[in-house]
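This is start_35.csv (CSV, C-alpha atoms).
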```csv
chain,number,residue,atom,x,y,z
J,228,MET,CA,65.1,101.6,53.5
J,229,THR,CA,63.1,102.0,56.6
J,230,SER,CA,63.9,104.4,59.5
J,231,GLN,CA,64.9,101.3,61.5
J,232,GLU,CA,67.3,100.1,58.8
J,233,LEU,CA,68.9,103.6,58.4
J,234,PHE,CA,69.3,103.9,62.2
J,235,HIS,CA,70.9,100.5,62.3
J,236,GLU,CA,73.3,101.5,59.5
J,237,ALA,CA,74.4,104.6,61.5
J,238,TRP,CA,74.8,102.4,64.6
J,239,ARG,CA,76.9,99.9,62.7
J,240,LEU,CA,79.2,102.7,61.5
J,241,ALA,CA,79.8,103.9,65.0
J,242,ARG,CA,80.3,100.5,66.4
J,243,GLU,CA,82.8,99.4,63.8
J,244,VAL,CA,85.3,102.2,64.5
J,245,PRO,CA,88.3,100.0,65.5
J,246,SER,CA,89.7,101.9,68.4
J,247,SER,CA,88.4,104.1,71.3
J,248,THR,CA,87.1,107.5,70.5
J,249,LEU,CA,87.3,108.6,74.1
J,250,PRO,CA,87.0,111.1,75.6
J,251,ASN,CA,84.5,111.6,72.8
J,252,PRO,CA,81.6,109.3,72.1
J,253,PRO,CA,81.4,106.9,69.1
J,254,VAL,CA,78.9,108.3,66.6
J,255,GLY,CA,77.6,107.3,63.2
J,256,ALA,CA,75.6,109.3,60.7
J,257,VAL,CA,73.7,108.6,57.5
J,258,LEU,CA,72.4,111.2,55.0
J,259,VAL,CA,69.3,110.2,53.0
J,260,LYS,CA,67.3,111.9,50.2
J,261,GLU,CA,64.3,110.5,48.4
J,262,GLY,CA,64.9,107.1,49.9
J,263,ARG,CA,68.6,106.9,48.8
J,264,ILE,CA,71.7,107.0,51.0
J,265,LEU,CA,73.8,110.0,49.8
J,266,ALA,CA,76.7,109.6,52.2
J,267,SER,CA,77.6,108.3,55.7
J,268,GLY,CA,80.3,108.7,58.2
J,269,ALA,CA,81.6,108.0,61.7
J,270,HIS,CA,83.6,109.9,64.3
J,271,ARG,CA,87.0,108.5,64.8
J,272,GLY,CA,88.4,110.3,67.8
J,273,PRO,CA,89.3,113.6,69.4
J,274,GLY,CA,90.1,116.4,67.0
J,275,GLN,CA,88.6,114.4,64.1
J,276,PRO,CA,85.4,115.6,62.3
J,277,HIS,CA,82.2,114.5,63.9
J,278,ALA,CA,80.1,111.9,62.1
J,279,GLU,CA,77.6,114.4,60.7
J,280,ILE,CA,80.4,116.5,59.2
J,281,VAL,CA,82.1,113.4,57.8
J,282,ALA,CA,78.8,112.5,56.0
J,283,LEU,CA,78.3,116.1,54.7
J,284,GLU,CA,81.9,116.3,53.4
J,285,GLU,CA,81.6,112.9,51.7
J,286,ALA,CA,78.4,114.1,50.0
J,287,ARG,CA,80.3,117.2,48.8
J,288,ARG,CA,83.1,115.1,47.4
J,289,ARG,CA,80.5,113.2,45.4
J,290,GLY,CA,79.0,116.4,44.1
J,291,VAL,CA,75.6,115.6,45.8
J,292,ASP,CA,73.2,118.3,46.8
J,293,VAL,CA,72.2,117.7,50.4
J,294,ARG,CA,69.5,120.4,50.6
J,295,GLY,CA,66.3,118.8,51.8
J,296,ALA,CA,68.1,115.7,52.9
J,297,VAL,CA,67.4,113.7,56.1
J,298,LEU,CA,70.1,112.9,58.6
J,299,TYR,CA,70.0,109.8,60.8
J,300,CYS,CA,72.5,110.2,63.7
J,301,THR,CA,73.1,107.9,66.7
J,302,LEU,CA,73.7,110.9,69.0
J,303,GLU,CA,72.3,114.3,69.3
J,304,PRO,CA,74.3,116.8,67.3
J,305,CYS,CA,76.5,119.1,69.3
J,306,CYS,CA,75.9,122.8,69.6
J,307,HIS,CA,78.5,124.2,72.0
J,308,THR,CA,81.8,126.1,71.6
J,309,SER,CA,83.2,125.6,75.1
J,310,PRO,CA,86.9,126.1,75.7
J,311,GLY,CA,89.0,123.1,74.7
J,312,LYS,CA,86.6,121.9,72.0
J,313,ARG,CA,88.6,121.0,69.0
J,314,THR,CA,85.9,121.0,66.3
J,315,PRO,CA,83.1,123.5,65.4
J,316,PRO,CA,79.6,122.6,66.5
J,317,CYS,CA,77.6,120.5,64.1
J,318,VAL,CA,74.1,122.1,64.5
J,319,PRO,CA,74.9,125.4,62.7
J,320,ARG,CA,76.5,123.4,59.8
J,321,LEU,CA,73.4,121.2,59.5
J,322,ILE,CA,71.2,124.3,59.4
J,323,ASP,CA,73.4,126.1,56.8
J,324,GLU,CA,73.5,123.0,54.6
J,325,GLY,CA,69.7,122.9,54.4
J,326,ILE,CA,69.1,119.6,56.2
J,327,LYS,CA,65.3,119.4,56.5
J,328,GLU,CA,64.9,116.6,59.0
J,329,VAL,CA,67.1,114.9,61.7
J,330,TRP,CA,66.5,111.6,63.4
J,331,ILE,CA,68.4,111.2,66.7
J,332,GLY,CA,69.3,108.0,68.4
J,333,CYS,CA,69.6,109.4,71.9
J,334,ALA,CA,70.3,112.6,73.7
J,335,ASP,CA,73.9,113.7,74.5
J,336,PRO,CA,74.6,113.4,78.2
J,337,ASN,CA,77.1,116.2,78.1
J,338,PRO,CA,75.5,119.1,80.0
J,339,GLU,CA,76.8,121.4,77.3
J,340,VAL,CA,74.4,119.7,74.9
J,341,ALA,CA,71.7,117.6,76.7
J,342,GLY,CA,68.7,118.5,74.5
J,343,GLN,CA,70.0,121.9,73.4
J,344,GLY,CA,71.2,120.6,70.0
J,345,ALA,CA,67.8,119.2,69.2
J,346,ALA,CA,66.2,122.4,70.4
J,347,GLN,CA,68.3,124.7,68.2
J,348,LEU,CA,67.6,122.5,65.2
J,349,SER,CA,63.8,122.8,65.9
J,350,GLN,CA,64.0,126.5,66.3
J,351,ALA,CA,65.7,126.8,62.9
J,352,GLY,CA,62.8,124.9,61.3
J,353,VAL,CA,64.4,121.5,61.1
J,354,ASP,CA,62.0,118.6,61.8
J,355,VAL,CA,63.6,116.6,64.7
J,356,HIS,CA,62.6,113.1,65.7
J,357,TRP,CA,63.9,110.7,68.3
J,358,ALA,CA,64.4,107.0,67.9
J,359,PRO,CA,61.4,105.1,69.4
J,360,ASP,CA,63.8,102.9,71.4
J,361,GLN,CA,66.9,104.8,72.5
J,362,SER,CA,68.5,101.9,74.5
J,363,LEU,CA,70.7,100.6,71.7
J,364,PHE,CA,72.2,104.1,71.1
J,365,GLN,CA,72.6,104.8,74.8
J,366,ASP,CA,74.5,101.5,75.1
J,367,LEU,CA,76.8,102.7,72.3
J,368,ILE,CA,78.0,105.7,74.4
J,369,ARG,CA,78.1,103.9,77.8
J,370,GLU,CA,81.8,104.5,78.3
J,371,PHE,CA,81.5,108.2,77.3
J,372,ARG,CA,78.5,108.6,79.7
J,373,VAL,CA,80.4,107.3,82.7
J,374,GLY,CA,83.2,109.8,82.0
J,375,ILE,CA,81.0,112.8,81.4
J,376,VAL,CA,78.6,112.1,84.3
J,377,GLU,CA,80.8,110.4,86.9
J,378,HIS,CA,84.2,111.9,85.9
J,379,ARG,CA,86.0,108.5,86.0
J,380,SER,CA,87.3,105.9,83.7
J,381,TRP,CA,85.2,103.0,82.4
J,382,VAL,CA,86.5,99.8,84.0
J,383,THR,CA,86.6,96.3,82.5
J,384,LEU,CA,87.9,93.5,84.7
J,385,LYS,CA,89.5,90.8,82.6
J,386,TRP,CA,90.9,87.3,83.4
J,387,ALA,CA,91.3,83.8,82.1
J,388,GLN,CA,90.3,80.7,84.1
J,389,THR,CA,90.1,77.0,83.9
J,390,LEU,CA,86.8,75.1,83.8
J,391,ASP,CA,87.0,74.7,87.6
J,392,GLY,CA,87.6,78.5,88.1
J,393,TYR,CA,91.4,78.8,88.6
J,394,ALA,CA,93.3,81.7,87.1
J,395,ALA,CA,96.7,80.3,87.9
J,396,ALA,CA,98.3,77.0,89.1
J,397,PRO,CA,99.4,76.7,92.8
J,398,ASP,CA,102.9,77.8,91.7
J,399,GLY,CA,101.5,81.0,90.2
J,400,SER,CA,102.0,80.0,86.6
J,401,SER,CA,99.2,81.0,84.2
J,402,GLN,CA,100.8,80.8,80.7
J,403,TRP,CA,98.8,79.6,78.9
J,404,ILE,CA,95.3,78.9,80.2
J,405,THR,CA,93.6,79.7,76.9
J,406,GLY,CA,94.5,79.0,73.3
J,407,LEU,CA,95.7,81.4,70.6
J,408,GLU,CA,92.3,82.5,69.4
J,409,ALA,CA,91.3,83.6,72.9
J,410,ARG,CA,94.6,85.3,73.5
J,411,THR,CA,94.1,87.1,70.2
J,412,GLU,CA,90.7,88.3,71.3
J,413,ALA,CA,92.3,89.5,74.6
J,414,HIS,CA,94.6,91.7,72.5
J,415,ARG,CA,91.6,93.0,70.7
J,416,LEU,CA,90.2,94.1,74.0
J,417,ARG,CA,93.4,95.9,74.8
J,418,ALA,CA,93.2,97.7,71.5
J,419,ARG,CA,89.8,99.0,72.4
J,420,CYS,CA,90.8,100.4,75.7
J,421,GLN,CA,92.9,103.4,76.5
J,422,ALA,CA,94.8,101.8,79.3
J,423,VAL,CA,95.8,98.3,80.6
J,424,LEU,CA,96.4,98.0,84.3
J,425,VAL,CA,98.2,95.4,86.4
J,426,GLY,CA,99.6,95.3,89.9
J,427,ALA,CA,103.2,95.2,90.9
J,428,GLY,CA,102.9,91.5,91.8
J,429,THR,CA,102.0,90.6,88.3
J,430,LEU,CA,104.8,92.8,87.0
J,431,ARG,CA,107.4,91.0,89.1
J,432,ARG,CA,106.0,87.5,88.4
J,433,ASP,CA,105.2,87.7,84.7
J,434,ASN,CA,107.1,90.7,83.3
J,435,PRO,CA,104.3,91.3,80.8
J,436,SER,CA,104.6,93.7,77.9
J,437,LEU,CA,100.9,94.7,78.0
J,438,THR,CA,101.0,95.6,74.3
J,439,VAL,CA,98.7,94.9,71.4
J,440,ARG,CA,100.5,92.3,69.2
J,441,HIS,CA,98.1,89.8,67.7
J,442,VAL,CA,95.8,92.3,66.1
J,443,GLU,CA,96.0,95.8,64.5
J,444,GLY,CA,95.1,98.6,66.8
J,445,GLN,CA,96.2,101.4,69.0
J,446,GLN,CA,98.7,100.7,71.8
J,447,PRO,CA,97.1,101.4,75.2
J,448,ALA,CA,98.8,103.1,78.0
J,449,ARG,CA,100.4,100.6,80.5
J,450,VAL,CA,99.5,101.4,84.1
J,451,ILE,CA,101.3,99.8,87.0
J,452,TRP,CA,99.6,100.1,90.4
J,453,ALA,CA,102.5,99.8,92.8
J,454,GLY,CA,102.5,98.8,96.4
J,455,GLN,CA,105.1,99.4,99.1
J,456,GLN,CA,107.9,97.4,97.5
J,457,PRO,CA,110.3,98.6,94.8
J,458,LEU,CA,109.4,98.0,91.2
J,459,PRO,CA,111.7,96.0,88.9
J,460,GLU,CA,113.4,98.7,86.9
J,461,THR,CA,114.4,96.3,84.1
J,462,ALA,CA,110.8,95.2,83.4
J,463,GLN,CA,109.7,95.4,79.8
J,464,VAL,CA,107.2,98.2,80.4
J,465,PHE,CA,110.0,100.5,81.5
J,466,THR,CA,112.6,99.5,78.8
J,467,ASP,CA,110.8,98.6,75.6
J,468,GLU,CA,109.9,100.8,72.6
J,469,TRP,CA,106.6,101.7,74.3
J,470,ARG,CA,108.1,102.8,77.6
J,471,ASP,CA,106.8,106.4,77.1
J,472,ARG,CA,103.2,104.8,77.3
J,473,THR,CA,103.8,103.5,80.8
J,474,TRP,CA,102.3,105.1,83.9
J,475,ILE,CA,102.9,104.4,87.6
J,476,LEU,CA,100.2,104.7,90.3
J,477,ALA,CA,101.7,104.9,93.8
J,478,GLN,CA,101.3,106.5,97.1
J,479,ALA,CA,103.5,109.5,97.9
J,480,GLY,CA,106.5,108.6,100.1
J,481,THR,CA,106.9,105.0,98.8
J,482,VAL,CA,109.9,103.7,97.0
J,483,ALA,CA,107.8,103.3,93.8
J,484,TRP,CA,106.7,106.9,94.0
J,485,ASP,CA,110.3,108.0,93.9
J,486,GLN,CA,111.2,105.4,91.2
J,487,ALA,CA,108.5,106.9,89.0
J,488,THR,CA,110.3,110.2,88.7
J,489,ARG,CA,113.0,108.3,86.8
J,490,LEU,CA,111.0,105.4,85.1
J,491,THR,CA,107.9,107.3,84.0
J,492,PRO,CA,108.7,111.1,84.1
J,493,GLY,CA,105.5,113.1,83.9
J,494,ARG,CA,103.4,109.9,84.1
J,495,ARG,CA,103.2,109.5,87.9
J,496,LEU,CA,99.8,109.5,89.6
J,497,ALA,CA,98.9,109.3,93.3
J,498,ALA,CA,96.2,106.8,94.2
J,499,ALA,CA,95.5,104.5,97.1
J,500,THR,CA,92.1,103.0,96.3
J,501,PRO,CA,90.3,101.8,93.1
J,502,ALA,CA,88.0,104.8,93.2
J,503,GLU,CA,91.0,107.1,93.3
J,504,VAL,CA,92.6,105.1,90.5
J,505,VAL,CA,89.7,105.6,88.0
J,506,ARG,CA,89.4,109.3,89.0
J,507,VAL,CA,93.1,110.2,88.4
J,508,LEU,CA,93.3,108.1,85.2
J,509,TYR,CA,90.2,109.9,83.8
J,510,GLU,CA,91.8,113.2,84.7
J,511,ALA,CA,94.9,112.1,82.9
J,512,GLY,CA,92.9,111.5,79.7
J,513,LEU,CA,92.6,107.7,80.0
J,514,GLY,CA,88.8,107.2,79.7
J,515,SER,CA,88.7,103.4,79.7
J,516,VAL,CA,90.9,100.9,81.5
J,517,LEU,CA,91.3,97.1,81.2
J,518,VAL,CA,92.3,95.6,84.6
J,519,GLU,CA,94.2,92.4,83.9
J,520,GLY,CA,95.3,91.5,87.4
J,521,GLY,CA,96.5,90.0,89.5
J,522,PRO,CA,93.9,88.5,91.9
J,523,GLN,CA,94.5,91.1,94.6
J,524,ILE,CA,94.0,94.0,92.2
J,525,LEU,CA,90.9,92.3,90.5
J,526,THR,CA,89.4,91.6,93.9
J,527,ALA,CA,89.9,95.1,95.1
J,528,PHE,CA,88.1,96.6,92.1
J,529,TYR,CA,85.3,94.0,92.2
J,530,SER,CA,84.6,94.0,95.9
J,531,GLN,CA,84.6,97.8,96.1
J,532,GLY,CA,82.2,98.0,93.1
J,533,VAL,CA,84.6,99.9,90.9
J,534,TRP,CA,83.9,98.1,87.7
J,535,ASP,CA,81.5,98.3,84.7
J,536,SER,CA,82.0,95.1,82.8
J,537,LEU,CA,83.8,91.8,83.0
J,538,ALA,CA,85.6,89.8,80.3
J,539,VAL,CA,86.1,86.3,81.5
J,540,PHE,CA,87.9,83.7,79.3
J,541,GLN,CA,87.2,80.1,80.2
J,542,ALA,CA,89.3,77.2,78.9
J,543,PRO,CA,88.3,73.4,78.9
J,544,LYS,CA,91.1,72.6,81.4
J,545,LEU,CA,91.1,71.4,85.0
J,546,LEU,CA,93.6,72.3,87.7
J,547,GLY,CA,91.9,71.0,90.9
J,548,ALA,CA,93.9,73.6,92.9
J,549,GLY,CA,95.4,77.0,92.4
J,550,GLN,CA,94.6,80.7,92.6
J,551,LYS,CA,91.2,82.2,91.9
J,552,ALA,CA,90.9,85.6,90.0
J,553,LEU,CA,88.6,86.8,92.8
J,554,PHE,CA,88.7,85.8,96.4
J,555,GLY,CA,86.8,86.5,99.6
J,556,THR,CA,83.8,88.1,97.9
J,557,ALA,CA,81.0,85.8,99.1
J,558,THR,CA,80.3,83.3,101.9
J,559,SER,CA,77.0,81.8,100.7
J,560,MET,CA,74.8,81.6,97.6
J,561,ALA,CA,72.8,84.5,99.0
J,562,ASP,CA,75.9,86.6,98.3
J,563,ALA,CA,76.2,85.5,94.7
J,564,ARG,CA,75.9,88.4,92.2
J,565,GLU,CA,73.7,87.7,89.2
J,566,LEU,CA,75.3,89.1,86.1
J,567,ARG,CA,73.8,89.9,82.7
J,568,VAL,CA,75.5,88.3,79.7
J,569,ARG,CA,76.2,91.0,77.2
J,570,GLN,CA,77.9,88.7,74.8
J,571,PHE,CA,79.4,85.2,74.7
J,572,SER,CA,81.8,83.9,72.1
J,573,ARG,CA,83.4,80.6,71.2
J,574,LEU,CA,87.1,81.1,70.4
J,575,GLY,CA,88.5,77.8,69.3
J,576,PHE,CA,87.6,75.5,72.3
J,577,ASP,CA,87.6,78.5,74.7
J,578,LEU,CA,84.7,80.7,75.7
J,579,LEU,CA,84.6,84.4,76.3
J,580,TRP,CA,81.9,85.7,78.6
J,581,GLU,CA,81.4,89.5,78.4
J,582,LEU,CA,79.3,90.4,81.4
J,583,GLU,CA,77.9,93.4,83.2
J,584,ARG,CA,75.6,94.2,86.2
J,585,GLN,CA,72.2,92.8,86.0
J,586,GLY,CA,69.6,95.2,84.5
J,587,GLU,CA,72.1,97.2,82.4
J,588,GLY,CA,72.5,97.2,78.6
J,589,ASN,CA,70.6,95.5,75.8
J,590,ASP,CA,70.0,92.0,74.4
J,591,VAL,CA,72.5,89.3,74.6
J,592,HIS,CA,74.6,88.5,71.5
J,593,GLY,CA,76.3,85.2,70.8
J,594,THR,CA,78.9,84.0,68.3
J,595,ASP,CA,80.2,80.6,67.4
```
Please go through the file and, once you have read it, give me the structure as structure tokens.
Amino acid sequence: MTSQELFHEAWRLAREVPSSTLPNPPVGAVLVKEGRILASGAHRGPGQPHAEIVALEEARRRGVDVRGAVLYCTLEPCCHTSPGKRTPPCVPRLIDEGIKEVWIGCADPNPEVAGQGAAQLSQAGVDVHWAPDQSLFQDLIREFRVGIVEHRSWVTLKWAQTLDGYAAAPDGSSQWITGLEARTEAHRLRARCQAVLVGAGTLRRDNPSLTVRHVEGQQPARVIWAGQQPLPETAQVFTDEWRDRTWILAQAGTVAWDQATRLTPGRRLAAATPAEVVRVLYEAGLGSVLVEGGPQILTAFYSQGVWDSLAVFQAPKLLGAGQKALFGTATSMADARELRVRQFSRLGFDLLWELERQGEGNDVHGTD
């Protein structure tokens, strides 16, 4: 196999981990010797062995001698032992195991590493090489990078709309704009995020469960961003089996702030703006958030620039009138924002557009 193929295999392993690894990055690793893959592995989340160690342990279980082997890893191996780190550093283990050569997809943006892992390997006599094109591997850790560099949660804005752009009918009803396949994919998006956020208006109107049901995956935290009015205390998010996964964002002194002491004990956060929301959620250990609405919440995040990606489901239906997911964000075509299509998918007769800011990320991917 070529270096490119081995790198791609490591990338595939990291990408196929079914749930979020945050606050850690997704990483894949492949061990090779004399042109043959000895073992491979991926990191699966906080407290779990890093990808390099998973591969080494797999080789050991198989009784394979890794001395003189080559490692392909999507991210620079770690080298620090800072407080709070749950696993030993990988660099000393790679050196002790006699790995002769390491190919790295991209540098770790964590200041505790940031080139030091590669430097320590080189100093120990290990040949270190970097991927010729690091963009694919940098894209893999984009959520991790936002957290480690900007100290905030990664934000995906998600909504479903008709062909003429309405997210709800004039009476506020929106169930269901899309078909079952699209709704199943929406649950897959939830499973990949650490939190799902809606406003109090959506909670009152729809009483959503905000759980993962149509696919296998982790249950995200449910975050309710409250306003000035009382929250409905009988809502599903406060009474169902996952109620201990519900958080309330509110301003001190409001009714909702006081309700949170009873409804979500220990899971009450103070925030008045989208920027504050993503900061306090990150500090609470929720590194990625899927914002599902309603329109006022979506517009606040979008118009204030507090978003990283969009997931827009579009159904072949026409309403002719109703409520838009975003409002008041442009007055002329000069105000239109050009977006980059990260991926588009056909889900039954519906479409899913996964979008991000122009100039970010890698090549577009399409499925049918």
When you look at J:Glu377 with a cut-off of 10 Å (counting all atoms listed in the file), what residues show up, excluding the ones that are within fewer than 5 positions of it in the same chain? I need them as a ChimeraX atom specification. /J:371-372,506,509
Compare J:Ile451, J:Leu546, J:Ala538, J:Ile331 by their minimum atom-to-atom distance to J:Arg417, counting all atoms listed in the file, and give me the closest one.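 Using all atoms listed in the file, the shortest distance to J:Arg417 belongs to J:Ala538.
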For atom CA of J:Ile322 and atom CA of J:Leu265, determine how far apart the two atoms are, in Å to one decimal place.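 We find that atom CA of J:Ile322 and atom CA of J:Leu265 lie 17.4 Å from each other.
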Could you jot down the atom CA of J:Thr491 to atom CA of J:Gly521 separation for me, Å, one decimal place?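 Taking atom CA of J:Thr491 and atom CA of J:Gly521, their separation equals 21.4 Å.
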Per residue of stretch 499-523 of chain J within 12 Å of stretch 470-489 of chain J, which atom pair is closest and at what distance in Å (one decimal), using all atoms listed in the file, listed by chain and increasing number, as CSV?
```
residue,atom,partner,partner_atom,distance
J:Ala499,CA,J:Gln478,CA,6.1
J:Thr500,CA,J:Gln478,CA,9.9
J:Pro501,CA,J:Leu476,CA,10.7
J:Glu503,CA,J:Leu476,CA,10.0
J:Val504,CA,J:Leu476,CA,7.6
J:Val505,CA,J:Leu476,CA,10.8
J:Arg506,CA,J:Leu476,CA,11.8
J:Val507,CA,J:Leu476,CA,9.2
J:Leu508,CA,J:Leu476,CA,9.2
J:Ala511,CA,J:Trp474,CA,10.2
J:Leu513,CA,J:Trp474,CA,10.8
```
List the neighbours of J:Ala266 out to 9 Å using all atoms listed in the file; skip same-chain residues closer than 5 positions along the sequence, and give me the result as a list of chain:residue names. J:Ala256, J:Val257, J:Leu258, J:Val259, J:Val281, J:Ala282, J:Leu283, J:Glu284, J:Glu285, J:Ala286, J:Arg289, J:Val291
For a quick check of understanding, using all atoms listed in the file, which of J:Leu384, J:Gly344, J:Lys544, J:Leu437 has the smallest distance to J:Ala527?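 Of all the options, J:Leu384 lies closest to J:Ala527.
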Find the spatial neighbours of stretch 241-251 of chain J, counting all atoms listed in the file, within a cut-off of 6 Å - ignore same-chain residues fewer than 4 positions away - and output them as a PyMOL selection string. chain J and resi 255+269+271-272+419+514
Separation of atom CA of J:Gln570 from atom CA of J:Leu582 in Å: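 Answer for the atom CA of J:Leu582 to atom CA of J:Gln570 separation: 7.0 Å.
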Could you give me, as a list in words, the residues within 9 Å of stretch 397-413 of chain J, counting all atoms listed in the file and dropping anything in the same chain fewer than 4 positions from it?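 In the requested format, the answer is Lys385, Ala387, Gln388, Thr389, Arg417, Ala418, Arg432, Asp433, Val439, Arg440, His441, Val442, Ala538, Phe540, Gln541, Ala542, Pro543, Lys544, Leu546, Ala548, Gly549, Gln550, Arg573, Leu574, Gly575, Phe576, Asp577, Leu578 and Leu579 of chain J.
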Residue neighbourhood J:Ala502, 10 Å, only C-alpha atoms, exclusion window fewer than 4 positions, as a ChimeraX atom specification: /J:379-380,498,506-507,528,531-534
Do you know which residues lie at most 7 Å from (80.6, 103.5, 70.9), with coordinates as in the file and only C-alpha atoms counted, and could you write them as a list in words?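 Those residues lying close to the given coordinates are Ala241, Arg242, Pro252, Pro253, Val254, Leu367 and Ile368 of chain J.
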Nearest to J:Lys327, chosen from J:Gly295, J:Gly274, J:Pro315, J:Gly444, with all atoms listed in the file counted in the distances: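 Going through J:Gly295, J:Gly274, J:Pro315, J:Gly444 one by one, the smallest distance to J:Lys327 is for J:Gly295.
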Which polymer residues, whether protein, DNA or RNA, lie within 7 Å of the coordinate (85.8, 93.9, 77.0) when you count all atoms listed in the file? List them as a VMD selection string, using the chain letters and numbers from the file. chain J and resid 383 416 537 to 538 581
So which one's closest to J:Val376, J:Trp469, J:Gly352, J:Trp357, J:Ala341? Using all atoms listed in the file, please.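 Between J:Trp469, J:Gly352, J:Trp357, J:Ala341, the residue approaching J:Val376 most closely is J:Ala341.
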